[in-house]
Amino acid sequence: MSVIVLAEHTQGSFKKKTFEAVQYAAAIAKETGTTATAVVLGTVDDGAMAQLGSYGAQKVLHISDARLDQLHTRAYTKVLAAAAEKEGAKVIVALHDVTGKAVAPRLAARLKAGMVAGAVSYPDLSKGFVIKKGVFAGKGFAYVNITSEVKVITLMPNTFQVQKTEGTATVEKLDVSFDDKDFSTQVKEVNKVTGTVPLAEAELVVSGGRGLKGPENWHILEDLAGSLGAALACSRPVADSHWRPHHEHVGQTGGTIRPNLYVAVGISGAIQHLAGVNGSKTIVVINKDPEAPFFKAADYGVVGDAMEIVPKLTEAVKKFKAAHS
Amino acid sequence: MKILVCISQVPDTTTKIAFSDNNTKFNTAGVTMIINPYDEWYALVRALELKETGAASAVHLITVGKAEAEPVMRKALALGGDEAIRIDTDSNDPYAVAAQIAAYAKNENYDLVLCGKESIDYNNGVTGAMLAEMLDMNYIGFATKLDISGTTATVNREIEGGEEVDTATLPLVVSCQKGMSEARIPNMRGIMAARTKPLKVVAPAEVAAVSEIVSYELPPAKTGVKMFDADNMDALVAALHSEAKVI
């Protein structure tokens, strides 16, 4: 039987979100009376894979073909379908991130499986196979029942606390035969922004809006983000004015994020912006307008000039960090 | 080169979301429907640009929806495109929607299928990849740039913490997002022309749904904001640590 989980890695190492996906798959496996099997594609050493046992995987199926170090959706789909067949899996889990979103739907189509994209709960088996997911860009939630025999789920990262336990997974080789078509997309160039926390997986985010007046003032947010170890984000007008790159835009037509802490500076809180960020666990709003709608969606607020408040907050964070390190 | 653009109709971004019938239905009363922004601003406009530069010979638009989806399709035709297709059924099951589009597209020999990275109503973002599998095409998701030369596409796509440049052979499905093109506003000539462009209504294929939405709920309301004085940031940091437990 078993529950299959795609265990993504970055150049051979697993990130927290992968542990979260493995833990999620293991919990579903336990609930359905079976075990979780992680599928690892590409170059990773056995020791690293055995670690996945600490998050509940009983077995790892590894296919070491180095071509799989890069995403090829056809090849990835073929591997996961082969793993599911080998294990007789009825549930397949991936992350709701750029890789999972490219592969899981393709797999669902191949297996004629119902799919929940962006799950934020475990399946409720008392009502069928019902999973909660965000809809209307965070303005609501839907409970979706998967009615097919095989089920595919992409889990929204940062949904559950990750807990390490005792356990080691056994690693087995998986053999899949490919043809040229499986690798018919080629990577020509990779441009990574270095030295910053990727926004999609950041636990802490500092975000700026038009209230900052111009890109020359962003250094105060960079300092605050630096002191917290946070990623930077921005509102749509800021990205549209090219003050900041488009990939930092969060909101209904930008990225949807759900960090533990979202600090919004000089953002009024239009409904479209709130939609992309209101899944954040704690929201701090700094705005000079006490009537800004964002205060209604906030947990903590400060009214005043960002240029004065943000440096003070940065100092307070540094002081706190120094005392707690 | 023949392009198919997938269009979804969604509530306007300013819509206040409400549910009816004991939270089992999205309440559409008073809601204005628009073309899904990712489908319009990026997928459709890029398809039109490819036709304008001579890379594409035809741009077809497709949607899965009942008659109420037609005004949105006319608006899409006002931006451009040669013909629109409406598959006359409605579904919240993403597999069924993709299967309907695939059933039509498989006889049309499209070289390129473009869709938005996700619809802003159900936020699944799965149609493109599902279509690629059903039509046996290559797939690249979250594209910010797309160029075609002969039968090869060069695509920039978002990766974790950066961007990657890929090449892929046609036929290809691409899901599009910000960066791909600049939004356009339909002009009067486009609006007039759209009235007479073909909008074909196609009977749905036999497709069984594999998921269903059982109910909806609104996010929990915030209990109220706690205000801090601008001169007391230490207190805010202390609250973030001991109360919110986020630092």
# chains A, B, ... in the order shown; residues from 1 in each chain; ligands from 1
>>> residues_around(residues="B:Gly179", least_positions_apart="4", cutoff="12 Å", atoms="only C-alpha atoms", output="list in words")
Ala239, Asp240, His242, Pro245, His246, His247, His249 and Gly254 of chain A; Tyr38, Trp41, Tyr42, Ala43, Val45, Arg46, Phe142, Ala143, Thr144, Lys145, Leu146, Val155, Asn156, Arg157, Glu158, Glu163 and Ala183 of chain B
>>> write_last_selection(atoms="N, CA and C atoms", output="compact mmCIF listing (two decimals), in the first residue's frame")
# COMPACT_ATOMS: atom_id res chain seq x y z
N ALA A 239 6.18 47.07 -6.97
CA ALA A 239 6.74 46.25 -8.06
C ALA A 239 6.43 46.89 -9.41
N ASP A 240 5.21 47.41 -9.55
CA ASP A 240 4.82 48.03 -10.82
C ASP A 240 5.65 49.27 -11.13
N HIS A 242 8.67 49.50 -10.41
CA HIS A 242 10.04 49.00 -10.54
C HIS A 242 10.95 49.47 -9.42
N PRO A 245 12.07 44.21 -7.45
CA PRO A 245 11.80 43.20 -8.49
C PRO A 245 10.43 42.54 -8.31
N HIS A 246 9.87 42.09 -9.45
CA HIS A 246 8.53 41.50 -9.44
C HIS A 246 8.40 40.29 -8.52
N HIS A 247 9.49 39.52 -8.37
CA HIS A 247 9.33 38.30 -7.57
C HIS A 247 9.11 38.60 -6.09
N HIS A 249 6.81 40.76 -5.16
CA HIS A 249 5.42 41.21 -5.04
C HIS A 249 4.53 40.13 -4.40
N GLY A 254 0.19 38.52 -6.99
CA GLY A 254 1.61 38.22 -6.84
C GLY A 254 1.74 36.90 -6.11
N TYR B 38 -3.99 36.38 -14.59
CA TYR B 38 -2.82 35.70 -15.16
C TYR B 38 -3.08 35.23 -16.58
N TRP B 41 -3.40 39.02 -18.64
CA TRP B 41 -2.24 39.91 -18.74
C TRP B 41 -1.03 39.22 -19.32
N TYR B 42 -0.89 37.92 -19.03
CA TYR B 42 0.34 37.25 -19.42
C TYR B 42 0.14 36.23 -20.54
N ALA B 43 -0.78 35.26 -20.36
CA ALA B 43 -0.94 34.21 -21.37
C ALA B 43 -1.52 34.79 -22.67
N VAL B 45 -1.96 38.03 -23.69
CA VAL B 45 -1.20 39.12 -24.32
C VAL B 45 0.07 38.57 -24.98
N ARG B 46 0.76 37.63 -24.34
CA ARG B 46 1.96 37.07 -24.96
C ARG B 46 1.61 36.32 -26.25
N PHE B 142 5.31 28.55 -14.39
CA PHE B 142 5.74 29.82 -13.78
C PHE B 142 6.72 30.59 -14.66
N ALA B 143 6.36 30.70 -15.94
CA ALA B 143 7.26 31.37 -16.89
C ALA B 143 7.13 32.88 -16.79
N THR B 144 8.27 33.56 -16.91
CA THR B 144 8.28 35.03 -16.89
C THR B 144 8.71 35.59 -18.25
N LYS B 145 9.11 34.71 -19.18
CA LYS B 145 9.53 35.16 -20.50
C LYS B 145 9.42 33.97 -21.44
N LEU B 146 8.99 34.23 -22.67
CA LEU B 146 8.82 33.14 -23.63
C LEU B 146 9.11 33.64 -25.03
N VAL B 155 12.40 29.65 -22.57
CA VAL B 155 11.50 30.09 -21.51
C VAL B 155 12.29 30.40 -20.24
N ASN B 156 12.04 31.57 -19.66
CA ASN B 156 12.56 31.83 -18.32
C ASN B 156 11.50 31.39 -17.33
N ARG B 157 11.91 30.62 -16.33
CA ARG B 157 10.91 30.21 -15.33
C ARG B 157 11.43 30.47 -13.93
N GLU B 158 10.48 30.70 -13.02
CA GLU B 158 10.83 30.93 -11.63
C GLU B 158 11.32 29.63 -11.01
N GLU B 163 15.84 32.40 -11.00
CA GLU B 163 15.22 32.14 -12.27
C GLU B 163 16.12 31.21 -13.09
N ALA B 183 0.14 44.30 -19.40
CA ALA B 183 -1.31 44.26 -19.59
C ALA B 183 -1.74 45.26 -20.66
>>> residues_around(residues="A:Leu71", least_positions_apart="6", cutoff="9 Å", atoms="only C-alpha atoms", output="PyMOL selection string")
chain A and resi 99+102-103+185+187
>>> write_last_selection(atoms="C-alpha atoms", output="compact mmCIF listing (two decimals), in the first residue's frame")
# COMPACT_ATOMS: atom_id res chain seq x y z
CA THR A 99 8.64 21.73 -8.37
CA ALA A 102 4.88 21.25 -12.02
CA VAL A 103 4.98 17.52 -11.31
CA THR A 185 13.48 20.32 -21.82
CA VAL A 187 18.32 24.06 -18.64
>>> residues_around(residues="stretch 225-227 of chain A", least_positions_apart="4", cutoff="7 Å", atoms="only C-alpha atoms", output="MDAnalysis selection string")
chainID A and resid 206 221 231:232 314 317:318
>>> interface_residues(of="chain B", to="chain A", cutoff="7 Å", atoms="only C-alpha atoms", output="CSV table (one decimal) with N, CA and C atoms, in the first residue's frame")
chain,number,residue,atom,x,y,z
B,13,THR,N,-11.0,41.2,-8.4
B,13,THR,CA,-10.1,41.1,-7.3
B,13,THR,C,-10.5,41.9,-6.0
B,14,THR,N,-11.5,42.8,-6.2
B,14,THR,CA,-12.0,43.6,-5.1
B,14,THR,C,-13.1,42.9,-4.4
B,17,ILE,N,-15.6,38.2,-0.4
B,17,ILE,CA,-16.0,36.8,-0.6
B,17,ILE,C,-17.1,36.4,0.5
B,95,TYR,N,-9.3,18.3,-12.5
B,95,TYR,CA,-9.0,17.2,-13.5
B,95,TYR,C,-10.0,17.2,-14.6
B,120,ILE,N,-7.3,33.0,-9.8
B,120,ILE,CA,-7.3,33.7,-8.5
B,120,ILE,C,-8.6,33.3,-7.7
B,121,ASP,N,-9.4,32.4,-8.2
B,121,ASP,CA,-10.5,31.9,-7.4
B,121,ASP,C,-10.2,30.6,-6.6
B,122,TYR,N,-9.8,29.5,-7.4
B,122,TYR,CA,-9.5,28.3,-6.7
B,122,TYR,C,-8.1,28.0,-6.5
B,123,ASN,N,-7.2,28.9,-7.0
B,123,ASN,CA,-5.7,28.8,-6.7
B,123,ASN,C,-5.1,27.4,-6.8
B,124,ASN,N,-5.6,26.6,-7.8
B,124,ASN,CA,-5.0,25.3,-7.9
B,124,ASN,C,-3.7,25.4,-8.7
B,126,VAL,N,-3.1,24.0,-11.6
B,126,VAL,CA,-2.8,22.6,-12.1
B,126,VAL,C,-3.2,22.4,-13.5
B,129,ALA,N,-0.2,21.8,-16.3
B,129,ALA,CA,0.6,20.6,-16.2
B,129,ALA,C,-0.3,19.3,-16.5
B,130,MET,N,-1.6,19.4,-16.1
B,130,MET,CA,-2.5,18.3,-16.4
B,130,MET,C,-2.7,18.2,-17.9
B,133,GLU,N,0.2,16.6,-19.7
B,133,GLU,CA,0.2,15.1,-19.6
B,133,GLU,C,-0.9,14.5,-20.6
B,134,MET,N,-2.1,15.1,-20.5
B,134,MET,CA,-3.2,14.6,-21.3
B,134,MET,C,-2.9,14.7,-22.8
B,139,TYR,N,6.1,20.6,-20.7
B,139,TYR,CA,5.5,21.6,-19.8
B,139,TYR,C,6.6,22.4,-19.1
B,141,GLY,N,6.4,25.5,-16.1
B,141,GLY,CA,5.5,26.3,-15.2
B,141,GLY,C,6.1,27.6,-14.8
B,159,ILE,N,12.4,29.7,-10.3
B,159,ILE,CA,12.8,28.6,-9.4
B,159,ILE,C,13.0,29.1,-8.0
B,160,GLU,N,13.3,28.3,-7.1
B,160,GLU,CA,13.4,28.7,-5.7
B,160,GLU,C,14.6,29.8,-5.6
B,161,GLY,N,14.2,31.0,-5.2
B,161,GLY,CA,15.3,32.0,-5.0
B,161,GLY,C,16.0,32.4,-6.3
B,162,GLY,N,15.3,32.4,-7.4
B,162,GLY,CA,15.9,32.9,-8.6
B,162,GLY,C,15.1,32.5,-9.9
B,163,GLU,N,15.8,32.4,-11.0
B,163,GLU,CA,15.2,32.1,-12.3
B,163,GLU,C,16.1,31.2,-13.1
B,164,GLU,N,15.5,30.5,-14.0
B,164,GLU,CA,16.2,29.5,-14.8
B,164,GLU,C,15.8,29.8,-16.3
B,165,VAL,N,16.7,29.6,-17.2
B,165,VAL,CA,16.4,29.7,-18.6
B,165,VAL,C,16.4,28.3,-19.2
B,166,ASP,N,15.2,27.9,-19.7
B,166,ASP,CA,15.1,26.5,-20.3
B,166,ASP,C,14.8,26.6,-21.8
B,167,THR,N,15.2,25.6,-22.5
B,167,THR,CA,14.6,25.4,-23.8
B,167,THR,C,13.8,24.2,-23.9
B,168,ALA,N,12.8,24.2,-24.7
B,168,ALA,CA,11.9,23.0,-24.9
B,168,ALA,C,11.4,23.0,-26.3
B,169,THR,N,11.2,21.7,-26.8
B,169,THR,CA,10.7,21.6,-28.2
B,169,THR,C,9.2,21.6,-28.1
B,210,VAL,N,-13.3,13.8,-10.2
B,210,VAL,CA,-12.6,12.9,-9.2
B,210,VAL,C,-12.4,13.7,-7.9
B,211,SER,N,-13.0,14.9,-7.8
B,211,SER,CA,-13.0,15.6,-6.5
B,211,SER,C,-14.2,16.5,-6.5
B,212,GLU,N,-14.6,16.9,-5.3
B,212,GLU,CA,-15.8,17.8,-5.2
B,212,GLU,C,-15.5,18.7,-4.0
B,213,ILE,N,-16.0,19.9,-4.1
B,213,ILE,CA,-15.9,20.8,-2.9
B,213,ILE,C,-17.1,20.6,-2.0
B,214,VAL,N,-16.9,20.2,-0.8
B,214,VAL,CA,-18.0,19.8,0.1
B,214,VAL,C,-18.5,21.1,0.8
B,215,SER,N,-17.6,22.0,1.2
B,215,SER,CA,-18.1,23.2,1.9
B,215,SER,C,-17.0,24.2,1.9
B,216,TYR,N,-17.3,25.5,2.3
B,216,TYR,CA,-16.4,26.6,2.4
B,216,TYR,C,-16.4,27.2,3.8
B,217,GLU,N,-15.3,27.9,4.1
B,217,GLU,CA,-15.4,28.7,5.3
B,217,GLU,C,-14.6,30.0,5.1
B,218,LEU,N,-14.9,31.0,5.9
B,218,LEU,CA,-14.1,32.2,5.8
B,218,LEU,C,-12.9,32.1,6.8
B,219,PRO,N,-11.8,32.8,6.6
B,219,PRO,CA,-10.7,32.8,7.6
B,219,PRO,C,-11.2,33.4,8.9
B,222,LYS,N,-9.5,38.4,12.9
B,222,LYS,CA,-8.5,38.8,13.9
B,222,LYS,C,-9.2,39.4,15.1
B,224,GLY,N,-8.3,41.7,17.1
B,224,GLY,CA,-8.1,43.1,17.4
B,224,GLY,C,-6.6,43.4,17.5
B,225,VAL,N,-6.3,44.6,17.0
B,225,VAL,CA,-4.9,44.9,17.0
B,225,VAL,C,-4.4,45.5,18.3
B,226,LYS,N,-3.2,45.2,18.7
B,226,LYS,CA,-2.6,45.7,19.9
B,226,LYS,C,-1.6,46.8,19.4
B,227,MET,N,-1.8,48.1,19.9
B,227,MET,CA,-1.0,49.2,19.4
B,227,MET,C,0.2,49.4,20.3
B,228,PHE,N,1.3,49.8,19.7
B,228,PHE,CA,2.5,50.1,20.4
B,228,PHE,C,2.9,51.6,20.1
B,229,ASP,N,3.5,52.2,21.1
B,229,ASP,CA,4.0,53.5,20.9
B,229,ASP,C,5.3,53.5,20.1
B,230,ALA,N,5.5,54.4,19.2
B,230,ALA,CA,6.7,54.5,18.3
B,230,ALA,C,8.0,54.5,19.1
B,233,MET,N,9.7,50.4,21.0
B,233,MET,CA,9.9,49.2,20.1
B,233,MET,C,10.3,48.0,20.9
B,234,ASP,N,11.0,48.2,22.1
B,234,ASP,CA,11.4,47.0,22.9
B,234,ASP,C,10.2,46.2,23.3
B,237,VAL,N,9.0,44.1,20.4
B,237,VAL,CA,9.9,42.9,20.2
B,237,VAL,C,9.6,41.9,21.3
B,244,ALA,N,3.5,36.3,20.8
B,244,ALA,CA,3.3,35.7,19.5
B,244,ALA,C,4.2,34.5,19.2
B,246,VAL,N,7.1,34.3,17.7
B,246,VAL,CA,7.6,34.2,16.3
B,246,VAL,C,9.0,34.6,16.2
>>> residues_around(residues="A:Thr168", least_positions_apart="6", cutoff="7 Å", atoms="only C-alpha atoms", output="PyMOL selection string")
chain A and resi 50-54
>>> select_by_dssp(residues="stretch 157-204 of chain A", states="helix (DSSP H, G or I)", output="ChimeraX atom specification")
/A:180-183,199-201
>>> residues_around(residues="B:Gly81", least_positions_apart="3", cutoff="10 Å", atoms="only C-alpha atoms", output="mmCIF file with C-alpha atoms, in the first residue's frame")
data_model
loop_
_atom_site.group_PDB
_atom_site.id
_atom_site.type_symbol
_atom_site.label_atom_id
_atom_site.label_comp_id
_atom_site.auth_asym_id
_atom_site.auth_seq_id
_atom_site.Cartn_x
_atom_site.Cartn_y
_atom_site.Cartn_z
ATOM 1 C CA ILE B 3 -1.644 28.776 -30.042
ATOM 2 C CA LEU B 4 -4.395 27.868 -27.590
ATOM 3 C CA VAL B 5 -4.938 30.190 -24.612
ATOM 4 C CA LEU B 44 -3.304 36.005 -23.762
ATOM 5 C CA VAL B 45 -1.197 39.119 -24.322
ATOM 6 C CA ALA B 47 0.043 34.916 -27.458
ATOM 7 C CA LEU B 48 -1.119 38.069 -29.255
ATOM 8 C CA LYS B 51 1.026 36.530 -33.564
ATOM 9 C CA ALA B 58 -3.579 31.649 -35.141
ATOM 10 C CA VAL B 59 -4.608 32.307 -31.532
ATOM 11 C CA HIS B 60 -7.609 30.412 -30.158
ATOM 12 C CA LEU B 61 -9.139 31.041 -26.730
ATOM 13 C CA ALA B 76 -10.937 38.416 -24.227
ATOM 14 C CA LEU B 77 -11.701 38.466 -27.971
ATOM 15 C CA ALA B 78 -11.724 42.286 -27.801
ATOM 16 C CA ALA B 84 -13.090 31.451 -28.959
ATOM 17 C CA GLY B 190 -11.097 45.451 -30.858
ATOM 18 C CA ALA B 194 -15.028 40.939 -31.037
ATOM 19 C CA LYS B 197 -15.637 36.883 -34.080
#
>>> select_by_dssp(residues="stretch 47-290 of chain A", states="strand (DSSP E or B)", output="number ranges by chain")
A: 57-63, 91-95, 114-119, 124, 130-135, 140-146, 151-155, 170-173, 185-192, 204-208, 231-234, 249-250, 255, 261-265, 282-287
>>> residues_around(residues="A:Gly214", least_positions_apart="5", cutoff="12 Å", atoms="only C-alpha atoms", output="list in words")
Gly208, Gly209, His219, Ile220, Pro237, Val238, Ala239, Ser241, His242, Trp243, Arg244, Gly266 and Met307 of chain A
>>> atom_distance(atom1="atom CA of B:Lys2", atom2="atom CA of B:Glu206")
25.8 Å
>>> residues_around(residues="B:Ile191", least_positions_apart="3", cutoff="9 Å", atoms="only C-alpha atoms", output="short mmCIF file (atom, residue, chain, number, x, y, z; two decimals) with C-alpha atoms, in the first residue's frame")
data_model
loop_
_atom_site.label_atom_id
_atom_site.label_comp_id
_atom_site.auth_asym_id
_atom_site.auth_seq_id
_atom_site.Cartn_x
_atom_site.Cartn_y
_atom_site.Cartn_z
CA ARG B 74 -16.09 38.46 -25.68
CA LYS B 75 -13.88 40.73 -23.60
CA LEU B 77 -11.70 38.47 -27.97
CA ALA B 78 -11.72 42.29 -27.80
CA LEU B 79 -8.07 42.13 -26.79
CA PRO B 186 -9.01 46.65 -25.39
CA ASN B 187 -9.56 49.49 -27.87
CA MET B 188 -12.83 50.39 -29.60
CA ALA B 194 -15.03 40.94 -31.04
CA ARG B 195 -18.78 41.09 -31.64
#
>>> atom_distance(atom1="atom CA of A:Gly211", atom2="atom CA of A:Arg258")
22.6 Å
>>> closest_residue(among="B:Glu52, B:Ala209, B:Thr223, B:Leu112", to="B:Asp93", atoms="only C-alpha atoms")
B:Ala209
>>> closest_residue(among="B:Ala132, B:Leu50, B:Cys176, B:Met73", to="B:Lys200", atoms="only C-alpha atoms")
B:Met73
>>> closest_residue(among="B:Thr127, B:Thr151, B:Thr32, B:Asn109", to="B:Asn92", atoms="only C-alpha atoms")
B:Thr127
>>> atom_distance(atom1="atom CA of A:Leu174", atom2="atom CA of A:Leu95")
21.1 Å
